[in-house]
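Structure data follow from entry_1.txt (compact mmCIF, C-alpha atoms):
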# COMPACT_ATOMS: atom_id res chain seq x y z
CA MET A 1 62.69 77.44 -118.63
CA THR A 2 61.07 74.02 -118.92
CA ALA A 3 57.65 75.52 -118.16
CA TYR A 4 58.13 78.07 -120.94
CA PHE A 5 59.11 75.29 -123.35
CA PHE A 6 55.95 73.29 -122.67
CA SER A 7 53.61 76.30 -122.76
CA ASP A 8 55.20 77.63 -125.96
CA THR A 9 55.10 74.22 -127.60
CA ALA A 10 51.45 73.79 -126.61
CA ALA A 11 50.54 77.17 -128.10
CA LEU A 12 52.43 76.47 -131.33
CA THR A 13 50.94 72.98 -131.54
CA GLY A 14 47.49 74.51 -131.34
CA ARG A 15 48.40 76.65 -134.35
CA THR A 16 49.57 73.70 -136.48
CA LEU A 17 46.63 71.53 -135.38
CA ARG A 18 44.23 74.24 -136.55
CA HIS A 19 45.86 74.03 -139.97
CA VAL A 20 45.24 70.27 -140.00
CA THR A 21 41.61 70.56 -138.87
CA ARG A 22 40.97 73.12 -141.59
CA SER A 23 42.25 70.67 -144.20
CA LEU A 24 41.22 67.23 -142.97
CA ASP A 25 41.55 66.07 -146.56
CA THR A 26 45.28 65.65 -145.91
CA VAL A 27 44.56 63.15 -143.12
CA ILE A 28 42.02 61.32 -145.28
CA THR A 29 44.47 61.29 -148.20
CA THR A 30 47.09 59.79 -145.90
CA ALA A 31 44.76 56.85 -145.26
CA ILE A 32 43.48 56.44 -148.83
CA THR A 33 46.60 54.86 -150.36
CA PRO A 34 47.11 52.28 -147.56
CA VAL A 35 43.38 51.42 -147.62
CA ALA A 36 43.49 51.00 -151.41
CA MET A 37 46.53 48.71 -151.03
CA MET A 38 44.75 46.71 -148.35
CA LEU A 39 41.65 46.27 -150.52
CA MET A 40 43.73 45.21 -153.51
CA PHE A 41 45.94 42.74 -151.66
CA VAL A 42 43.14 41.15 -149.64
CA TYR A 43 40.58 40.81 -152.42
CA VAL A 44 42.89 40.33 -155.43
CA PHE A 45 46.10 38.67 -154.20
CA GLY A 46 45.11 37.38 -150.77
CA GLY A 47 43.81 34.05 -151.99
CA ALA A 48 47.13 33.21 -153.64
CA ILE A 49 49.28 33.90 -150.57
CA ASP A 50 49.65 31.18 -147.96
CA THR A 51 49.58 32.63 -144.44
CA GLY A 52 48.52 29.43 -142.73
CA SER A 53 45.57 29.69 -140.37
CA VAL A 54 45.82 33.48 -140.13
CA SER A 55 43.40 35.48 -142.28
CA TYR A 56 45.22 37.61 -144.81
CA VAL A 57 43.75 40.90 -143.58
CA ASN A 58 45.10 40.09 -140.09
CA TYR A 59 48.44 39.13 -141.59
CA MET A 60 48.98 42.27 -143.64
CA LEU A 61 47.44 44.95 -141.39
CA PRO A 62 50.68 45.69 -139.46
CA GLY A 63 52.48 46.48 -142.71
CA ILE A 64 49.60 48.67 -143.88
CA LEU A 65 49.80 50.62 -140.61
CA LEU A 66 53.49 51.34 -141.19
CA MET A 67 52.71 52.45 -144.74
CA THR A 68 50.10 54.83 -143.32
CA ILE A 69 52.69 56.41 -141.04
CA ALA A 70 55.23 56.75 -143.86
CA SER A 71 52.57 58.41 -146.00
CA GLY A 72 51.56 60.76 -143.20
CA ILE A 73 55.00 62.13 -142.43
CA SER A 74 55.35 63.48 -145.97
CA TYR A 75 52.72 66.05 -144.98
CA THR A 76 54.78 66.91 -141.90
CA ALA A 77 57.72 67.74 -144.16
CA PHE A 78 55.37 69.74 -146.40
CA ARG A 79 53.91 71.77 -143.51
CA LEU A 80 57.35 72.51 -142.11
CA PHE A 81 58.70 73.48 -145.54
CA THR A 82 55.74 75.85 -145.98
CA ASP A 83 56.49 77.52 -142.64
CA VAL A 84 60.15 77.93 -143.55
CA LYS A 85 59.37 79.51 -146.92
CA SER A 86 56.66 81.79 -145.50
CA GLY A 87 59.13 83.46 -143.15
CA ILE A 88 57.24 82.49 -140.02
CA PHE A 89 60.43 81.12 -138.49
CA GLU A 90 62.04 84.55 -138.62
CA ARG A 91 59.01 86.10 -136.93
CA PHE A 92 59.06 83.45 -134.20
CA GLN A 93 62.77 84.13 -133.57
CA SER A 94 61.96 87.75 -132.75
CA MET A 95 59.52 86.60 -130.06
CA PRO A 96 60.40 85.43 -126.51
CA ILE A 97 59.54 81.76 -127.11
CA ALA A 98 61.44 78.50 -126.90
CA ARG A 99 63.10 78.05 -130.28
CA SER A 100 62.81 74.28 -130.39
CA GLY A 101 59.09 74.60 -129.64
CA VAL A 102 58.48 75.37 -133.32
CA LEU A 103 59.80 71.95 -134.35
CA TRP A 104 58.11 70.09 -131.51
CA ALA A 105 54.79 71.64 -132.50
CA HIS A 106 55.09 70.04 -135.94
CA VAL A 107 56.18 66.74 -134.37
CA VAL A 108 53.22 66.60 -131.96
CA THR A 109 50.84 67.56 -134.78
CA SER A 110 52.27 64.70 -136.85
CA LEU A 111 51.59 62.25 -134.01
CA VAL A 112 47.96 63.41 -133.71
CA ALA A 113 47.31 63.42 -137.48
CA ASN A 114 48.86 59.98 -137.91
CA LEU A 115 46.86 58.53 -135.03
CA ILE A 116 43.66 59.70 -136.74
CA ALA A 117 44.78 58.16 -140.05
CA LEU A 118 45.73 54.90 -138.32
CA GLY A 119 42.30 54.80 -136.68
CA LEU A 120 40.64 55.17 -140.08
CA VAL A 121 42.73 52.32 -141.52
CA VAL A 122 41.97 50.00 -138.59
CA GLY A 123 38.28 50.85 -138.95
CA VAL A 124 38.30 49.80 -142.61
CA ALA A 125 40.25 46.63 -141.70
CA VAL A 126 37.55 45.71 -139.16
CA LEU A 127 34.91 46.11 -141.88
CA MET A 128 37.01 43.79 -144.06
CA GLY A 129 37.09 41.10 -141.38
CA PHE A 130 40.05 41.98 -139.15
CA ARG A 131 39.64 40.52 -135.69
CA SER A 132 41.94 40.28 -132.69
CA GLY A 133 41.53 38.74 -129.28
CA ALA A 134 44.48 40.73 -127.91
CA GLY A 135 44.05 42.23 -124.46
CA VAL A 136 44.44 45.81 -123.33
CA GLN A 137 48.15 45.42 -122.57
CA ALA A 138 48.89 44.02 -126.03
CA TRP A 139 46.96 46.84 -127.71
CA LEU A 140 48.79 49.42 -125.58
CA ALA A 141 52.09 47.84 -126.64
CA VAL A 142 51.03 48.04 -130.32
CA VAL A 143 50.03 51.69 -129.94
CA GLY A 144 53.30 52.43 -128.16
CA ILE A 145 55.37 50.88 -130.95
CA LEU A 146 53.38 52.74 -133.61
CA LEU A 147 53.83 56.03 -131.74
CA LEU A 148 57.56 55.44 -131.35
CA PHE A 149 57.87 54.59 -135.05
CA THR A 150 55.86 57.70 -135.94
CA LEU A 151 58.05 59.85 -133.71
CA ALA A 152 61.21 58.45 -135.30
CA LEU A 153 59.99 59.00 -138.87
CA THR A 154 58.60 62.44 -138.03
CA TRP A 155 62.00 63.67 -136.88
CA LEU A 156 63.37 62.16 -140.08
CA ALA A 157 60.79 64.23 -141.98
CA VAL A 158 61.95 67.39 -140.21
CA ILE A 159 65.30 67.22 -142.03
CA PRO A 160 63.97 67.62 -145.61
CA GLY A 161 61.28 69.96 -144.29
CA LEU A 162 64.05 72.32 -143.19
CA SER A 163 66.56 71.77 -145.97
CA ALA A 164 64.62 70.97 -149.17
CA SER A 165 64.77 73.48 -152.00
CA SER A 166 61.28 72.69 -153.34
CA VAL A 167 57.97 71.45 -151.99
CA GLU A 168 58.30 68.31 -154.12
CA GLY A 169 61.70 67.58 -152.58
CA ALA A 170 60.31 68.03 -149.07
CA GLY A 171 57.79 65.22 -149.51
CA ALA A 172 59.63 62.95 -151.96
CA PHE A 173 61.89 61.45 -149.29
CA ALA A 174 58.90 59.50 -147.93
CA TYR A 175 58.40 57.45 -151.11
CA PRO A 176 61.12 54.87 -150.34
CA LEU A 177 59.71 54.53 -146.82
CA ILE A 178 56.23 53.88 -148.17
CA PHE A 179 57.49 51.06 -150.39
CA LEU A 180 59.94 49.54 -147.86
CA PRO A 181 57.22 47.23 -146.45
CA PHE A 182 57.01 45.50 -149.84
CA VAL A 183 60.49 44.06 -149.23
CA SER A 184 59.71 42.75 -145.77
CA SER A 185 57.44 40.25 -144.05
CA ALA A 186 54.51 42.69 -144.33
CA PHE A 187 52.73 41.05 -147.27
CA VAL A 188 54.35 37.64 -147.78
CA PRO A 189 56.48 35.39 -145.57
CA THR A 190 60.18 36.09 -146.08
CA ARG A 191 60.88 32.37 -146.53
CA THR A 192 59.35 32.59 -150.03
CA MET A 193 61.88 35.22 -151.18
CA PRO A 194 65.12 34.52 -153.07
CA GLY A 195 68.36 34.56 -151.07
CA PRO A 196 69.65 38.18 -151.26
CA VAL A 197 66.14 39.66 -151.11
CA ARG A 198 65.29 37.46 -148.13
CA TRP A 199 68.45 38.56 -146.31
CA PHE A 200 67.59 42.22 -146.83
CA ALA A 201 63.96 41.69 -145.84
CA GLU A 202 64.92 39.94 -142.61
CA HIS A 203 67.47 42.59 -141.60
CA GLN A 204 65.62 45.81 -142.31
CA PRO A 205 63.55 47.60 -139.61
CA VAL A 206 60.08 47.05 -141.04
CA THR A 207 60.17 43.25 -140.69
CA SER A 208 60.91 43.22 -136.95
CA ILE A 209 58.28 45.92 -136.29
CA VAL A 210 55.66 44.12 -138.41
CA ASN A 211 56.40 40.76 -136.79
CA THR A 212 56.13 42.30 -133.31
CA ILE A 213 52.77 43.96 -133.98
CA ARG A 214 51.44 40.85 -135.72
CA ASN A 215 52.40 38.59 -132.81
CA LEU A 216 50.93 40.97 -130.22
CA LEU A 217 47.61 41.15 -132.07
CA ALA A 218 47.58 37.37 -132.51
CA GLN A 219 48.27 36.82 -128.79
CA GLN A 220 51.60 35.19 -129.60
CA PRO A 221 54.96 35.77 -127.85
CA ALA A 222 56.78 38.68 -129.47
CA GLY A 223 60.17 37.04 -128.85
CA ASP A 224 63.36 38.85 -129.81
CA ASP A 225 61.57 40.81 -132.54
CA ILE A 226 60.23 43.32 -130.03
CA TRP A 227 63.73 44.22 -128.85
CA THR A 228 64.98 44.47 -132.43
CA ALA A 229 62.00 46.66 -133.31
CA MET A 230 62.60 48.93 -130.31
CA ALA A 231 66.30 49.19 -131.14
CA TRP A 232 65.52 50.22 -134.73
CA CYS A 233 62.93 52.79 -133.65
CA VAL A 234 65.12 54.32 -130.94
CA GLY A 235 68.19 54.31 -133.21
CA ILE A 236 66.33 56.06 -136.04
CA LEU A 237 64.79 58.51 -133.56
CA VAL A 238 68.10 59.50 -131.95
CA GLY A 239 69.93 59.83 -135.28
CA ALA A 240 67.10 61.76 -136.94
CA TYR A 241 66.70 64.09 -133.94
CA LEU A 242 70.40 64.96 -133.89
CA PHE A 243 70.52 65.65 -137.64
CA ALA A 244 67.25 67.61 -137.50
CA MET A 245 68.46 69.85 -134.68
CA ALA A 246 71.74 70.44 -136.55
CA ALA A 247 69.76 71.41 -139.66
CA TYR A 248 67.56 73.70 -137.54
CA ARG A 249 70.57 75.47 -136.02
CA ARG A 250 71.98 76.05 -139.49
CA LYS A 251 68.62 77.37 -140.68
CA ILE A 252 68.12 79.89 -137.88
CA GLY A 253 71.80 80.85 -137.82
In C-alpha cells, what does this structure look like?
Amino acid sequence: MTAYFFSDTAALTGRTLRHVTRSLDTVITTAITPVAMMLMFVYVFGGAIDTGSVSYVNYMLPGILLMTIASGISYTAFRLFTDVKSGIFERFQSMPIARSGVLWAHVVTSLVANLIALGLVVGVAVLMGFRSGAGVQAWLAVVGILLLFTLALTWLAVIPGLSASSVEGAGAFAYPLIFLPFVSSAFVPTRTMPGPVRWFAEHQPVTSIVNTIRNLLAQQPAGDDIWTAMAWCVGILVGAYLFAMAAYRRKIG
C-alpha cells in the first residue's frame, strides 16, 4: 500500500509540476513582490534603520524569504481550487490510486516552486550585497527551517483550496501571512516598538523563525529561538494537516 502511495503521488506530482513549468510566470510573480520590498527597504529606508554592524540587506533577508513563501502558497491554494472546480477530483476517485496522493502532489509541487522562488530572491540579495560566512551545516539548517515552514503553510493553503467558494477566496487567506513579517523582528528590532505591538511581535511565529535564520547566517548561536521556531512550524503543520484532511474527507464524501 505504501509503495502505491509513493508511486501515485510521484505520478500526480509530475502532472502538477508540468502545470508550473508551463506557467513559470507564477513562480517569477511569487518572487517579484518580495524583491520589490527588499529593494525599497534597503535603498529607501535602510539608511534610517539602526541594525548595528549588520548590513541591512543581511538583516532583512530572512523576513523577505518568509514573505516569499507566504506569497507562493497562495498559488498552491489557487491550483488546488482549480482542480476541485474542474472535476478532476471526481475522476481521480474512480481510479485505483491513493486518495491522499492528490493532495500530496500539490504539497510537493508547492515545495519545489517555493524553492525556486527563494533561490531567485537570494540571488537578487547577493547582487544587492548580501554576504554570509555560514558553513554548510548552517545553510542546511536554514534550508530545513524554510522547507518546514513552507510545508506548514502549504497544508494551511490546502484548506481554502478545498473549501473556498471563489478563486479570490482561495488565495486571499495568504494576505495576512504576507504582511505578518511587518509586525515582527524582520525589518526593525522589536525593542523600538511600542509596548503592545512589541509584545505581539515577540510572541508570534515569524520573529523566532527570522531570528533563527538571521543568527545561523551570521554564524551566531541560535539560542532558544530555534526551538521556538521549530515548535511553531511543527504546531502549524500538525494543525493544518489535520484540518486539511478533514476538509478533504468532507469534499470527497
Across A:Gly119, A:Gly101, A:Pro196, A:Gly129, the smallest distance to A:Tyr59, with all atoms listed in the file counted, is shown by A:Gly129
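Shortest separation to A:Thr76 among A:Ile236, A:Val188, A:Ala125, A:Leu151 occurs at residue A:Leu151, atoms counted being only C-alpha atoms.
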Go ahead and compute the interatomic distance for atom CA of A:Met230 and atom CA of A:Arg198, in Å to one decimal. 21.4 Å
Which of these, A:Val112, A:Ala218, A:Ala247, A:Pro62, has the shortest distance to A:Thr150 once you count all atoms listed in the file? A:Val112
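Every protein or nucleic acid residue with an atom no more than 8 Å from A:Thr109, counting all atoms listed in the file and leaving out same-chain residues fewer than 3 positions away, appears here: Thr13, Thr16, Leu17, Ala105, His106, Val112 and Ala113 of chain A.
Near (46.9, 61.2, -139.3), the residues that fall inside 10 Å on the basis of only C-alpha atoms are Val20, Leu24, Thr26, Val27, Ile28, Thr29, Thr30, Ala31, Thr68, Ile69, Ser71, Gly72, Ile73, Tyr75, Thr109, Ser110, Leu111, Val112, Ala113, Asn114, Leu115, Ile116, Ala117, Leu118, Gly119 and Leu120 of chain A.
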Can you pull out the residues contacting A:Asp225? Cut-off 12 Å, using all atoms listed in the file, and skip same-chain residues under 5 positions away; I want them as a PyMOL selection string. chain A and resi 145+202-216+220+230-232
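Nearest to A:Ala77 of all the residues A:Leu177, A:Leu156, A:Val54, A:Ala246 is A:Leu156, counting all atoms listed in the file.
With all atoms listed in the file as the atoms that count, the minimum distance from A:Thr190 to the choices A:Val84, A:Ala36, A:Val107, A:Ile49 is reached by A:Ile49.
In this comparison, which uses all atoms listed in the file, the residue of A:Ala201, A:Leu237, A:Leu140, A:Val158 approaching A:Phe187 most closely is A:Ala201.
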Figure out the distance between atom CA of A:Ser86 and atom CA of A:Ala152, please, to one decimal in Å. 25.9 Å
Stretch 184-198 of chain A: axis-aligned bounding box, 4 Å on each side, centre and edge lengths in Å, one decimal, as JSON:
{"center_x": 61.2, "center_y": 37.6, "center_z": -148.6, "size_x": 24.9, "size_y": 18.4, "size_z": 17.0}
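Atom CA of A:Phe179 is positioned 22.1 Å from atom CA of A:Arg79.
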Contact residues around A:Arg131 with only C-alpha atoms at 12 Å, ignoring same-chain residues under 2 positions, as a list in words: Val54, Ser55, Tyr56, Val57, Asn58, Tyr59, Leu61, Val122, Gly123, Val124, Ala125, Val126, Leu127, Met128, Gly129, Gly133, Ala134, Arg214, Leu217, Ala218 and Gln219 of chain A
Pull all heavy atoms for stretch 224-238 of chain A from the block and write them as a PDB file, in the first residue's frame.
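File part.pdb, as written:
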ATOM      1  N   ASP A 224      17.554  29.824  22.144  1.00  0.00           N
ATOM      2  CA  ASP A 224      16.230  29.214  22.305  1.00  0.00           C
ATOM      3  C   ASP A 224      15.315  29.488  21.120  1.00  0.00           C
ATOM      4  O   ASP A 224      14.297  28.811  20.952  1.00  0.00           O
ATOM      5  CB  ASP A 224      15.560  29.744  23.581  1.00  0.00           C
ATOM      6  CG  ASP A 224      16.265  29.273  24.851  1.00  0.00           C
ATOM      7  OD1 ASP A 224      16.952  28.230  24.778  1.00  0.00           O
ATOM      8  OD2 ASP A 224      16.136  29.950  25.882  1.00  0.00           O
ATOM      9  N   ASP A 225      15.665  30.485  20.296  1.00  0.00           N
ATOM     10  CA  ASP A 225      14.799  30.825  19.164  1.00  0.00           C
ATOM     11  C   ASP A 225      14.589  29.648  18.229  1.00  0.00           C
ATOM     12  O   ASP A 225      13.512  29.484  17.662  1.00  0.00           O
ATOM     13  CB  ASP A 225      15.388  32.002  18.379  1.00  0.00           C
ATOM     14  CG  ASP A 225      15.068  33.351  19.012  1.00  0.00           C
ATOM     15  OD1 ASP A 225      13.947  33.505  19.519  1.00  0.00           O
ATOM     16  OD2 ASP A 225      15.936  34.231  19.001  1.00  0.00           O
ATOM     17  N   ILE A 226      15.615  28.817  18.053  1.00  0.00           N
ATOM     18  CA  ILE A 226      15.481  27.714  17.108  1.00  0.00           C
ATOM     19  C   ILE A 226      14.437  26.705  17.575  1.00  0.00           C
ATOM     20  O   ILE A 226      13.681  26.153  16.775  1.00  0.00           O
ATOM     21  CB  ILE A 226      16.848  27.025  16.861  1.00  0.00           C
ATOM     22  CG1 ILE A 226      16.724  26.058  15.684  1.00  0.00           C
ATOM     23  CG2 ILE A 226      17.347  26.327  18.120  1.00  0.00           C
ATOM     24  CD1 ILE A 226      18.063  25.539  15.199  1.00  0.00           C
ATOM     25  N   TRP A 227      14.365  26.494  18.903  1.00  0.00           N
ATOM     26  CA  TRP A 227      13.366  25.550  19.425  1.00  0.00           C
ATOM     27  C   TRP A 227      11.972  26.151  19.354  1.00  0.00           C
ATOM     28  O   TRP A 227      10.999  25.444  19.051  1.00  0.00           O
ATOM     29  CB  TRP A 227      13.728  25.154  20.855  1.00  0.00           C
ATOM     30  CG  TRP A 227      15.082  24.545  20.951  1.00  0.00           C
ATOM     31  CD1 TRP A 227      16.182  25.055  21.580  1.00  0.00           C
ATOM     32  CD2 TRP A 227      15.507  23.308  20.359  1.00  0.00           C
ATOM     33  NE1 TRP A 227      17.261  24.228  21.428  1.00  0.00           N
ATOM     34  CE2 TRP A 227      16.877  23.147  20.683  1.00  0.00           C
ATOM     35  CE3 TRP A 227      14.864  22.325  19.599  1.00  0.00           C
ATOM     36  CZ2 TRP A 227      17.607  22.034  20.272  1.00  0.00           C
ATOM     37  CZ3 TRP A 227      15.602  21.213  19.184  1.00  0.00           C
ATOM     38  CH2 TRP A 227      16.944  21.082  19.517  1.00  0.00           C
ATOM     39  N   THR A 228      11.878  27.457  19.598  1.00  0.00           N
ATOM     40  CA  THR A 228      10.585  28.132  19.465  1.00  0.00           C
ATOM     41  C   THR A 228      10.118  28.101  18.015  1.00  0.00           C
ATOM     42  O   THR A 228       8.950  27.835  17.724  1.00  0.00           O
ATOM     43  CB  THR A 228      10.682  29.587  19.949  1.00  0.00           C
ATOM     44  OG1 THR A 228      11.192  29.615  21.282  1.00  0.00           O
ATOM     45  CG2 THR A 228       9.314  30.265  19.911  1.00  0.00           C
ATOM     46  N   ALA A 229      11.050  28.354  17.094  1.00  0.00           N
ATOM     47  CA  ALA A 229      10.722  28.330  15.669  1.00  0.00           C
ATOM     48  C   ALA A 229      10.264  26.945  15.238  1.00  0.00           C
ATOM     49  O   ALA A 229       9.261  26.804  14.512  1.00  0.00           O
ATOM     50  CB  ALA A 229      11.939  28.762  14.848  1.00  0.00           C
ATOM     51  N   MET A 230      10.962  25.914  15.677  1.00  0.00           N
ATOM     52  CA  MET A 230      10.586  24.545  15.328  1.00  0.00           C
ATOM     53  C   MET A 230       9.217  24.191  15.900  1.00  0.00           C
ATOM     54  O   MET A 230       8.399  23.550  15.236  1.00  0.00           O
ATOM     55  CB  MET A 230      11.641  23.567  15.847  1.00  0.00           C
ATOM     56  CG  MET A 230      13.001  23.709  15.188  1.00  0.00           C
ATOM     57  SD  MET A 230      13.002  23.137  13.478  1.00  0.00           S
ATOM     58  CE  MET A 230      12.884  21.371  13.720  1.00  0.00           C
ATOM     59  N   ALA A 231       8.978  24.626  17.146  1.00  0.00           N
ATOM     60  CA  ALA A 231       7.687  24.338  17.770  1.00  0.00           C
ATOM     61  C   ALA A 231       6.547  24.994  17.001  1.00  0.00           C
ATOM     62  O   ALA A 231       5.488  24.377  16.780  1.00  0.00           O
ATOM     63  CB  ALA A 231       7.701  24.811  19.224  1.00  0.00           C
ATOM     64  N   TRP A 232       6.731  26.254  16.592  1.00  0.00           N
ATOM     65  CA  TRP A 232       5.713  26.940  15.802  1.00  0.00           C
ATOM     66  C   TRP A 232       5.470  26.212  14.486  1.00  0.00           C
ATOM     67  O   TRP A 232       4.314  25.966  14.090  1.00  0.00           O
ATOM     68  CB  TRP A 232       6.138  28.385  15.519  1.00  0.00           C
ATOM     69  CG  TRP A 232       5.738  29.373  16.560  1.00  0.00           C
ATOM     70  CD1 TRP A 232       6.574  30.072  17.391  1.00  0.00           C
ATOM     71  CD2 TRP A 232       4.411  29.809  16.878  1.00  0.00           C
ATOM     72  NE1 TRP A 232       5.853  30.902  18.211  1.00  0.00           N
ATOM     73  CE2 TRP A 232       4.526  30.765  17.915  1.00  0.00           C
ATOM     74  CE3 TRP A 232       3.143  29.481  16.396  1.00  0.00           C
ATOM     75  CZ2 TRP A 232       3.414  31.400  18.466  1.00  0.00           C
ATOM     76  CZ3 TRP A 232       2.038  30.106  16.953  1.00  0.00           C
ATOM     77  CH2 TRP A 232       2.175  31.049  17.968  1.00  0.00           C
ATOM     78  N   CYS A 233       6.537  25.882  13.773  1.00  0.00           N
ATOM     79  CA  CYS A 233       6.398  25.233  12.467  1.00  0.00           C
ATOM     80  C   CYS A 233       5.705  23.875  12.583  1.00  0.00           C
ATOM     81  O   CYS A 233       4.783  23.568  11.812  1.00  0.00           O
ATOM     82  CB  CYS A 233       7.765  25.057  11.807  1.00  0.00           C
ATOM     83  SG  CYS A 233       8.528  26.591  11.237  1.00  0.00           S
ATOM     84  N   VAL A 234       6.140  23.072  13.545  1.00  0.00           N
ATOM     85  CA  VAL A 234       5.540  21.748  13.720  1.00  0.00           C
ATOM     86  C   VAL A 234       4.094  21.870  14.178  1.00  0.00           C
ATOM     87  O   VAL A 234       3.207  21.144  13.708  1.00  0.00           O
ATOM     88  CB  VAL A 234       6.364  20.910  14.722  1.00  0.00           C
ATOM     89  CG1 VAL A 234       5.645  19.613  15.057  1.00  0.00           C
ATOM     90  CG2 VAL A 234       7.751  20.613  14.151  1.00  0.00           C
ATOM     91  N   GLY A 235       3.819  22.814  15.092  1.00  0.00           N
ATOM     92  CA  GLY A 235       2.452  23.007  15.564  1.00  0.00           C
ATOM     93  C   GLY A 235       1.510  23.423  14.443  1.00  0.00           C
ATOM     94  O   GLY A 235       0.399  22.887  14.310  1.00  0.00           O
ATOM     95  N   ILE A 236       1.945  24.377  13.622  1.00  0.00           N
ATOM     96  CA  ILE A 236       1.126  24.823  12.486  1.00  0.00           C
ATOM     97  C   ILE A 236       0.943  23.676  11.505  1.00  0.00           C
ATOM     98  O   ILE A 236      -0.160  23.456  10.975  1.00  0.00           O
ATOM     99  CB  ILE A 236       1.778  26.029  11.784  1.00  0.00           C
ATOM    100  CG1 ILE A 236       1.777  27.246  12.715  1.00  0.00           C
ATOM    101  CG2 ILE A 236       1.030  26.379  10.488  1.00  0.00           C
ATOM    102  CD1 ILE A 236       2.608  28.411  12.202  1.00  0.00           C
ATOM    103  N   LEU A 237       2.015  22.919  11.255  1.00  0.00           N
ATOM    104  CA  LEU A 237       1.948  21.806  10.308  1.00  0.00           C
ATOM    105  C   LEU A 237       0.952  20.744  10.757  1.00  0.00           C
ATOM    106  O   LEU A 237       0.097  20.309   9.966  1.00  0.00           O
ATOM    107  CB  LEU A 237       3.346  21.187  10.155  1.00  0.00           C
ATOM    108  CG  LEU A 237       3.438  19.889   9.352  1.00  0.00           C
ATOM    109  CD1 LEU A 237       2.917  20.096   7.933  1.00  0.00           C
ATOM    110  CD2 LEU A 237       4.880  19.380   9.328  1.00  0.00           C
ATOM    111  N   VAL A 238       1.042  20.327  12.006  1.00  0.00           N
ATOM    112  CA  VAL A 238       0.140  19.279  12.509  1.00  0.00           C
ATOM    113  C   VAL A 238      -1.309  19.752  12.481  1.00  0.00           C
ATOM    114  O   VAL A 238      -2.205  19.049  11.998  1.00  0.00           O
ATOM    115  CB  VAL A 238       0.550  18.855  13.940  1.00  0.00           C
ATOM    116  CG1 VAL A 238      -0.498  17.928  14.542  1.00  0.00           C
ATOM    117  CG2 VAL A 238       1.909  18.172  13.913  1.00  0.00           C
TER     118      VAL A 238
END
